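Some notes on the structure that comes next.
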Amino acid sequence: MTAADVNRGPAASPRAPAIEIERLRVAYGPLVALEETSLTVGACEFVSLLGPSGCGKTTLLKAVAGLVRPTSGEIRVMGGSVEEARRQRAFGLVFQDPTLLPWRRAEANAQLLAEIIGGRHWDPGRVDELLRAVGLKGFERAYPAALSGGMKQRVAIVRALAFDPQVLLMDEPFAALDALTRERLGEVLLDVWRQSKPVIFVTHSIEEAVFLSDRVVVMTARPGRVLDEVRIELGRPRTHAMKESHEFFQATRRLRGLIDIAQGVAVQEGG
Amino acid sequence: MAESNLTMARPAGAATTPQLAGVVRAIAPTVFLALCVVAWQLAVLLLHVRTFVLPAPSVIVLRIIRSWSQLLPNALVTLQETLIGFAIGSLIGFLLALVIAYSSLLERILYPLIVASQAVPKIAVAPLFILWFGFGIWPKVVVTILLVFFPVVVTSAEGLMSVDPNLIDLLRSVSANPWQVFIKVRLPHALPQVLAGLKIGIALAVVGAVVGEWVGADKGLGYLILVANSQLDTTLSFASITLLVVIGVVLFVAVDVIGRLITPWKRVRTLDPGL
């Protein structure tokens, strides 16, 4: 390999996959959370992971973020190792629970990670702009205790994006919210994402997965594996009208079928 | 004053009282205390209780004024022992909590010893402290430290260890160093619990100083109570106890107010339950 090849690197070409997961296996002692899991996420692709509880979706996400060590297999992020990516602060994480710090006001919470990273990622103006974009104008000085669940999760999204990470990893971010708030926040997310970076989005909701994603990956449980995937043939930006479309309906129906299989497999193996 | 602490964790329904109830709540503790004092005064007068058995509140107040020059220097000694013991005890308690929170091995080693230290009757070991630390202020301070550090260790360790693991993951995901995790998350997260420990600690600190003085002292309010008792000067004894109570309540309220000032977010209530 010549020096030029090394310098160009996979990250330089937009066509190269941003995240490559190859034959990943994660076991916690005797409990196998993930087995033979392979997945590729494109440079600006929105991929949802869908599946029954216990199918290792969260484990997969944590493995990508370097929070869980794979037992075997390989994960490459932007062409490098997970550790390298983490050192470059590549990951923006959002959990189901907003995990805001109660002693920091909304603004300061949103700045937390950017502040820790510091340096060139530290841009208070960006936090301001993002807070406005997610509809929190006027709530910058509010403590989390004074915010609703939906607002807290908006702050968590801003916090994850504030340092402009290369990858966005979301673990059922809207699962604790009511249906209307959930729908609204999905739109807010697409709005601030603007196809700027790859997203892995874990969810239990088929409609949510279809509306948000370019591709939905269905997983089976115990041990977690990839069952199949469905490409969502909807244009962007996504609109409410698309939810009435034939493509939307087709995708949800296929996914529902796959989920049935995934759960059937789980039941079979469990019994 | 101190009443608001005791009603802190009431269910939300009790907070929505009309204005009148609010006024009642504000003055009720003072009124109740006044009624008790009046009842005491009347009981002593009407039942002709002799002063060396139980002095009337008015007699005690007059004695405090009359013996002020005797009481004040002794009160200052006890206050000094209390504050020094509280400061050192809290510091030791917090440092032990840090050790416990960051090392499960040391937690296993230290926790039984810490609990055992509380089972030891202070009054029984206090004479040893005189043997070891002399006759001055230090044996009293050491007894106070022994009483104060315990609630601070327990509550602080609890606070430092109860951080949401997702939050720690979040910080790890951006390669935060342990110092950043401590200063930005663990410490402020533990602060309300540390303060709860300090509130218990300051209340115990006064007790510690007096116990220390009882075993061997030539000044302090505890010493004064002993002298008064031996001379059947019950009024002086009550006057000293009254000053101890005032010191204890004032210090408790001070810790509570400082705690509230440095944790302003604890007072925030949800304003808008909707989106």
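Starting from 1 in every chain, residues are counted up; chains themselves are A, B, ... following the order of the structure tokens, and ligands are numbered from 1 as listed.
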With a cut-off of 12 Å, could you pull out the residues of chain B touching chain A and give me the nearest pair of atoms for each, distance in Å to one decimal, using only C-alpha atoms, ordered by chain and ascending number, as CSV?
residue,atom,partner,partner_atom,distance
B:Val163,CA,A:Thr99,CA,10.0
B:Asp164,CA,A:Thr99,CA,7.5
B:Pro165,CA,A:Thr99,CA,9.5
B:Asn166,CA,A:Thr99,CA,7.2
B:Leu167,CA,A:Thr99,CA,6.1
B:Ile168,CA,A:Thr99,CA,9.8
B:Asp169,CA,A:Leu67,CA,6.7
B:Leu170,CA,A:Leu93,CA,6.6
B:Leu171,CA,A:Leu113,CA,7.2
B:Arg172,CA,A:Leu67,CA,7.4
B:Ser173,CA,A:Ala65,CA,6.3
B:Val174,CA,A:Arg89,CA,5.0
B:Ser175,CA,A:Arg87,CA,6.2
B:Ala176,CA,A:Ile116,CA,6.4
B:Asn177,CA,A:Ile116,CA,8.8
B:Pro178,CA,A:Ile116,CA,11.3
B:Trp179,CA,A:Ile116,CA,10.6
B:Gln180,CA,A:Ile116,CA,7.2
B:Val181,CA,A:Ile116,CA,9.2
B:Phe182,CA,A:Ile116,CA,12.0
B:Ile183,CA,A:Ile116,CA,10.9
B:Lys184,CA,A:Leu112,CA,8.4
B:Val185,CA,A:Leu101,CA,7.5
B:Arg186,CA,A:Leu101,CA,10.3
B:Leu187,CA,A:Trp103,CA,11.1
B:Pro188,CA,A:Trp103,CA,7.3
B:His189,CA,A:Leu101,CA,7.9
B:Ala190,CA,A:Trp103,CA,11.1
B:Leu191,CA,A:Trp103,CA,10.1
B:Pro192,CA,A:Trp103,CA,10.5
B:Ile262,CA,A:Trp103,CA,9.9
B:Thr263,CA,A:Trp103,CA,7.3
B:Pro264,CA,A:Trp103,CA,7.7
B:Trp265,CA,A:Trp103,CA,5.3
B:Lys266,CA,A:Trp103,CA,7.9
B:Arg267,CA,A:Ala145,CA,9.1
B:Val268,CA,A:Ala145,CA,6.0
B:Arg269,CA,A:Ala146,CA,5.7
B:Thr270,CA,A:Ala146,CA,4.0
B:Leu271,CA,A:Ala146,CA,5.2
B:Asp272,CA,A:Ser148,CA,6.5
B:Pro273,CA,A:Ser148,CA,5.4
B:Gly274,CA,A:Ser148,CA,6.1
B:Leu275,CA,A:Gly150,CA,5.9
Which neighbours of region 206-220 of chain A fall inside 6 Å, counting only C-alpha atoms, when residues of the same chain fewer than 5 positions from it are skipped, and could you give them as JSON, numbers by chain?
{"A": [46, 47, 48, 49, 50, 51, 55, 225, 226, 227, 228, 229, 230, 231, 232, 262]}
One number please: CA of Leu96 (chain B) to CA of Leu198 (chain B), in Å, one decimal.
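Answer for the CA of Leu96 (chain B) to CA of Leu198 (chain B) separation: 14.2 Å.
Separating CA of Phe252 (chain B) from CA of Lys199 (chain B) is a distance of 6.1 Å.
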Which residues come within 12 Å of region 27-31 of chain A, counting only C-alpha atoms, excluding same-chain residues fewer than 3 positions away, as a list in words?
Leu24, Leu34, Glu35, Glu36, Gly54, Cys55, Gly56, Thr59, Leu60, Ala63, Val68, Arg69, Pro70, Thr71, Ser72, Gly73, Ala221, Arg222, Pro223 and Gly224 of chain A
Looking only at the backbone, which of the residues in region 154-213 of chain A does DSSP tag as strand (DSSP E or B), as a compact mmCIF listing (two decimals) with N, CA and C atoms, in the first residue's frame?
# COMPACT_ATOMS: atom_id res chain seq x y z
N VAL A 167 -21.14 10.34 13.91
CA VAL A 167 -22.18 9.32 13.89
C VAL A 167 -23.19 9.63 14.99
N LEU A 168 -24.47 9.40 14.70
CA LEU A 168 -25.50 9.58 15.72
C LEU A 168 -26.07 8.20 16.08
N LEU A 169 -26.02 7.87 17.37
CA LEU A 169 -26.50 6.57 17.84
C LEU A 169 -27.66 6.81 18.80
N MET A 170 -28.84 6.28 18.48
CA MET A 170 -30.01 6.58 19.31
C MET A 170 -30.69 5.30 19.76
N ASP A 171 -30.82 5.16 21.08
CA ASP A 171 -31.39 3.94 21.66
C ASP A 171 -32.81 4.21 22.15
N VAL A 199 -26.90 7.53 10.92
CA VAL A 199 -27.64 7.36 12.18
C VAL A 199 -27.96 5.89 12.36
N ILE A 200 -27.75 5.37 13.57
CA ILE A 200 -28.33 4.07 13.93
C ILE A 200 -29.37 4.35 15.00
N PHE A 201 -30.60 3.92 14.71
CA PHE A 201 -31.74 4.30 15.52
C PHE A 201 -32.46 3.04 15.98
N VAL A 202 -32.45 2.77 17.26
CA VAL A 202 -33.12 1.59 17.80
C VAL A 202 -34.55 1.95 18.17
N THR A 203 -35.50 1.15 17.74
CA THR A 203 -36.90 1.46 18.06
C THR A 203 -37.73 0.18 18.14
Got a sec: who's within 12 Å of Ala126 (chain B), counting only C-alpha atoms, leaving out chain neighbours fewer than 5 positions off, as an mmCIF file with C-alpha atoms, in the first residue's frame?
data_model
loop_
_atom_site.group_PDB
_atom_site.id
_atom_site.type_symbol
_atom_site.label_atom_id
_atom_site.label_comp_id
_atom_site.auth_asym_id
_atom_site.auth_seq_id
_atom_site.Cartn_x
_atom_site.Cartn_y
_atom_site.Cartn_z
ATOM 1 C CA VAL B 120 -18.638 1.927 70.201
ATOM 2 C CA PRO B 121 -20.230 4.011 73.000
ATOM 3 C CA LEU B 131 -5.375 10.094 78.034
ATOM 4 C CA TRP B 132 -4.229 10.378 74.431
ATOM 5 C CA PHE B 133 -4.948 13.979 73.521
ATOM 6 C CA GLY B 134 -4.636 15.762 76.862
ATOM 7 C CA PHE B 135 -7.037 17.945 78.709
ATOM 8 C CA TRP B 138 -8.856 18.035 71.269
ATOM 9 C CA PRO B 139 -10.515 15.135 73.137
ATOM 10 C CA LYS B 140 -13.855 16.956 72.698
ATOM 11 C CA VAL B 141 -13.128 17.567 69.050
ATOM 12 C CA VAL B 142 -12.289 13.900 68.538
ATOM 13 C CA VAL B 143 -15.575 12.737 70.091
ATOM 14 C CA THR B 144 -17.379 15.209 67.829
ATOM 15 C CA ILE B 145 -15.489 13.950 64.779
ATOM 16 C CA LEU B 146 -16.481 10.382 65.629
ATOM 17 C CA LEU B 147 -20.150 11.336 65.692
ATOM 18 C CA GLY B 208 -20.349 15.276 70.643
ATOM 19 C CA ALA B 209 -18.817 18.411 72.135
ATOM 20 C CA VAL B 210 -20.958 18.137 75.283
ATOM 21 C CA VAL B 211 -20.189 14.430 75.734
ATOM 22 C CA GLY B 212 -16.496 15.273 75.422
ATOM 23 C CA GLU B 213 -16.800 17.974 78.041
ATOM 24 C CA TRP B 214 -18.652 15.705 80.444
ATOM 25 C CA VAL B 215 -15.760 13.311 80.601
ATOM 26 C CA GLY B 216 -13.202 15.909 81.502
ATOM 27 C CA ALA B 217 -13.193 19.653 81.002
#
Computed interatomic separation between CA of Gly197 (chain B) and CA of Pro151 (chain B) (Å)
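Computing it gives 5.0 Å between the two atoms.
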